[in-house]
Structure formats: structure tokens, C-alpha cells
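So this one's structure-v1.cif, mmCIF, C-alpha atoms:
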```cif
data_input
loop_
_atom_site.group_PDB
_atom_site.id
_atom_site.type_symbol
_atom_site.label_atom_id
_atom_site.label_comp_id
_atom_site.auth_asym_id
_atom_site.auth_seq_id
_atom_site.Cartn_x
_atom_site.Cartn_y
_atom_site.Cartn_z
ATOM 1 C CA MET B 1 6.086 -10.490 -4.068
ATOM 2 C CA LEU B 2 7.532 -9.571 -0.744
ATOM 3 C CA PHE B 3 5.622 -10.011 2.507
ATOM 4 C CA GLN B 4 5.831 -8.325 5.887
ATOM 5 C CA THR B 5 3.849 -9.570 8.848
ATOM 6 C CA TYR B 6 2.952 -8.155 12.234
ATOM 7 C CA GLY B 7 1.394 -10.034 15.113
ATOM 8 C CA GLU B 8 1.020 -13.701 15.926
ATOM 9 C CA LYS B 9 -0.087 -16.331 13.409
ATOM 10 C CA CYS B 10 -2.646 -17.703 15.858
ATOM 11 C CA LYS B 11 -4.619 -14.422 15.789
ATOM 12 C CA PRO B 12 -7.251 -13.438 13.168
ATOM 13 C CA ALA B 13 -5.599 -12.661 9.827
ATOM 14 C CA VAL B 14 -5.928 -9.237 8.202
ATOM 15 C CA LEU B 15 -4.653 -8.901 4.636
ATOM 16 C CA PHE B 16 -3.635 -5.454 3.334
ATOM 17 C CA PHE B 17 -3.387 -4.405 -0.339
ATOM 18 C CA HIS B 18 -1.382 -1.244 -0.991
ATOM 19 C CA ALA B 19 -2.025 1.672 -3.325
ATOM 20 C CA MET B 20 -0.123 2.484 -6.518
ATOM 21 C CA GLY B 21 3.314 4.006 -6.066
ATOM 22 C CA VAL B 22 3.868 2.644 -2.555
ATOM 23 C CA THR B 23 4.651 -0.737 -1.011
ATOM 24 C CA GLY B 24 3.088 -2.913 1.631
ATOM 25 C CA ALA B 25 5.042 -0.910 4.193
ATOM 26 C CA SER B 26 2.548 1.925 3.665
ATOM 27 C CA SER B 27 0.160 0.003 5.933
ATOM 28 C CA GLU B 28 2.696 -0.428 8.745
ATOM 29 C CA PRO B 29 1.167 2.179 11.096
ATOM 30 C CA VAL B 30 -2.225 0.429 11.047
ATOM 31 C CA ALA B 31 -0.671 -3.056 11.187
ATOM 32 C CA LYS B 32 1.471 -2.109 14.166
ATOM 33 C CA HIS B 33 -1.625 -0.794 15.930
ATOM 34 C CA LEU B 34 -3.515 -4.049 15.245
ATOM 35 C CA GLN B 35 -0.685 -6.512 15.875
ATOM 36 C CA SER B 36 -1.698 -7.252 19.467
ATOM 37 C CA ARG B 37 -5.100 -8.490 18.241
ATOM 38 C CA CYS B 38 -4.447 -9.615 14.652
ATOM 39 C CA PHE B 39 -1.962 -11.293 12.353
ATOM 40 C CA CYS B 40 -1.405 -8.582 9.739
ATOM 41 C CA ILE B 41 -0.070 -9.520 6.292
ATOM 42 C CA LEU B 42 1.332 -6.761 4.089
ATOM 43 C CA PRO B 43 2.260 -8.023 0.613
ATOM 44 C CA THR B 44 4.137 -5.802 -1.823
ATOM 45 C CA SER B 45 3.094 -6.366 -5.419
ATOM 46 C CA SER B 46 5.747 -7.866 -7.695
ATOM 47 C CA VAL B 47 5.733 -4.736 -9.833
ATOM 48 C CA TYR B 48 7.394 -2.912 -6.898
ATOM 49 C CA CYS B 49 9.933 -5.642 -6.082
ATOM 50 C CA ALA B 50 13.399 -5.305 -7.591
ATOM 51 C CA GLY B 51 14.302 -8.285 -9.741
ATOM 52 C CA GLN B 52 10.749 -9.610 -9.923
ATOM 53 C CA THR B 53 8.416 -9.607 -12.892
ATOM 54 C CA TYR B 54 4.744 -8.776 -12.634
ATOM 55 C CA ARG B 55 2.821 -11.553 -14.411
ATOM 56 C CA GLY B 56 -0.726 -10.420 -13.730
ATOM 57 C CA LYS B 57 -3.344 -10.453 -11.013
ATOM 58 C CA ALA B 58 -3.888 -14.212 -11.135
ATOM 59 C CA ASP B 59 -0.205 -14.787 -10.387
ATOM 60 C CA GLU B 60 -0.284 -12.232 -7.566
ATOM 61 C CA VAL B 61 -3.300 -14.041 -6.055
ATOM 62 C CA ARG B 62 -1.457 -17.359 -6.377
ATOM 63 C CA GLN B 63 1.568 -15.955 -4.564
ATOM 64 C CA ILE B 64 -0.590 -14.561 -1.768
ATOM 65 C CA GLU B 65 -2.401 -17.876 -1.334
ATOM 66 C CA GLU B 66 0.905 -19.757 -1.206
ATOM 67 C CA PHE B 67 2.240 -17.352 1.395
ATOM 68 C CA LEU B 68 -0.912 -17.598 3.514
ATOM 69 C CA ARG B 69 -0.883 -21.386 3.415
ATOM 70 C CA GLY B 70 2.822 -21.393 4.266
ATOM 71 C CA GLN B 71 2.035 -19.291 7.332
ATOM 72 C CA GLY B 72 -0.737 -21.646 8.383
ATOM 73 C CA VAL B 73 -3.498 -19.132 7.642
ATOM 74 C CA GLU B 74 -6.692 -21.050 6.940
ATOM 75 C CA ARG B 75 -9.041 -18.040 7.012
ATOM 76 C CA VAL B 76 -8.687 -14.303 6.419
ATOM 77 C CA GLU B 77 -10.928 -12.284 8.707
ATOM 78 C CA MET B 78 -10.613 -8.957 6.914
ATOM 79 C CA VAL B 79 -9.173 -7.481 3.728
ATOM 80 C CA VAL B 80 -8.044 -3.851 3.667
ATOM 81 C CA ALA B 81 -7.323 -2.147 0.353
ATOM 82 C CA SER B 82 -6.656 1.321 -0.938
ATOM 83 C CA SER B 83 -6.623 2.848 -4.397
ATOM 84 C CA ILE B 84 -5.436 0.403 -7.077
ATOM 85 C CA GLY B 85 -4.900 -2.165 -4.327
ATOM 86 C CA ALA B 86 -8.683 -2.567 -4.291
ATOM 87 C CA ASP B 87 -8.442 -4.050 -7.795
ATOM 88 C CA LEU B 88 -6.048 -6.752 -6.615
ATOM 89 C CA ALA B 89 -8.129 -7.242 -3.469
ATOM 90 C CA MET B 90 -11.209 -7.886 -5.621
ATOM 91 C CA ALA B 91 -9.245 -10.396 -7.698
ATOM 92 C CA PHE B 92 -8.173 -12.117 -4.482
ATOM 93 C CA LEU B 93 -11.707 -12.156 -3.085
ATOM 94 C CA THR B 94 -13.219 -13.606 -6.262
ATOM 95 C CA GLN B 95 -10.466 -16.143 -7.006
ATOM 96 C CA THR B 96 -9.225 -17.428 -3.659
ATOM 97 C CA ARG B 97 -10.335 -20.662 -2.077
ATOM 98 C CA ILE B 98 -9.310 -19.347 1.329
ATOM 99 C CA PRO B 99 -12.412 -18.299 3.319
ATOM 100 C CA VAL B 100 -12.719 -14.566 4.007
ATOM 101 C CA GLY B 101 -14.829 -13.120 6.826
#
```

Before anything else, please render the file you have as C-alpha cells.
Amino acid sequence: MLFQTYGEKCKPAVLFFHAMGVTGASSEPVAKHLQSRCFCILPTSSVYCAGQTYRGKADEVRQIEEFLRGQGVERVEMVVASSIGADLAMAFLTQTRIPVG
């Protein structure tokens, strides 16, 4: 996976899941609008990353959790998902040990 972030790590975390056929960058306009109030995390699924292999939703969730922990995120305040990204968001919400508001 690849990750883009907007905002400061000390602010409430908002995690975006993108739709099929696009990347995390598709959420940039909203993330840029929220960056003064939130720490926005825009992952791009491995299936859309050159040189990476998609290994399934569980692996995607693992990568997201590792990234969040590496950024010092102990809680996600909101999850935003569109289209097929909602499927990965549901996997994240049901599998993660990171609290979600």
C-alpha cells in the first residue's frame, strides 16, 4: 500500500478508503479541506500500487494498522469510504484493534 496524509498527527484521525479504479488521491479535495482540523490518511490499495501484490483484505488491514501505529495514531475518529472501498472499510472496522469513533 501507499499512504498520503494531510494535517497534523496530533489532530483527530480520519481514514479514507477509495473506490475501484482510483487511488487514495481521489479523496484529496476533502482531505485538504479537513486538514486544518483533522489528520487525514489516504491509503491506496496494493492492487493499484506498481510492483506490489494484493494479498487480500486481511493483509490490507494489517498494513493500515501498521501505518497508523507508525504514525502514532491510537484512535480513528471517522472512516470514510466509497464504492468498493466500503468493503475494505468494513473489513477494517470488524478486524482492527484500533478504536474507531

* Extract, using only C-alpha atoms, all DNA, RNA and protein residues at most 12 Å from Ser26 (chain B), discarding same-chain residues fewer than 5 positions from it, and format them as a ChimeraX atom specification. => /B:4,16-21,31-32,42-44,81-82,85

* Among listed residues B:Gly51, B:Phe3, B:Ile98, B:Thr23, nearest Glu65 (chain B) (using all atoms listed in the file) ->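 Nearest candidate to Glu65 (chain B) out of B:Gly51, B:Phe3, B:Ile98, B:Thr23: B:Ile98.
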
* Asked: Quick one, how far is CA of Arg62 (chain B) from CA of Ala89 (chain B)?
  ->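 Distance between the two atoms: 12.5 Å.
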
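Of note, CA of Lys57 (chain B) and CA of Gly7 (chain B) are spaced 26.6 Å apart.
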
* Skipping near chain neighbours, those fewer than 5 positions away, what residues fall within 8 Å of Phe39 (chain B) using only C-alpha atoms, listed as a PyMOL selection string? -> chain B and resi 5-14+34

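Minimum atom-to-atom distance to Glu77 (chain B), evaluated using all atoms listed in the file, belongs to B:Leu15 out of B:Ser36, B:Leu15, B:Gln95, B:Val30.
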
* **Gap from CA of Cys49 (chain B) to CA of Gly101 (chain B) - Å, one decimal** =>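 Value for the CA of Cys49 (chain B)-CA of Gly101 (chain B) distance: 28.9 Å.
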
* **Within-12 Å shell of (-7.4, -23.9, 5.7) in input frame, all atoms listed in the file, as a ChimeraX atom specification** => /B:65-66,68-76,96-100
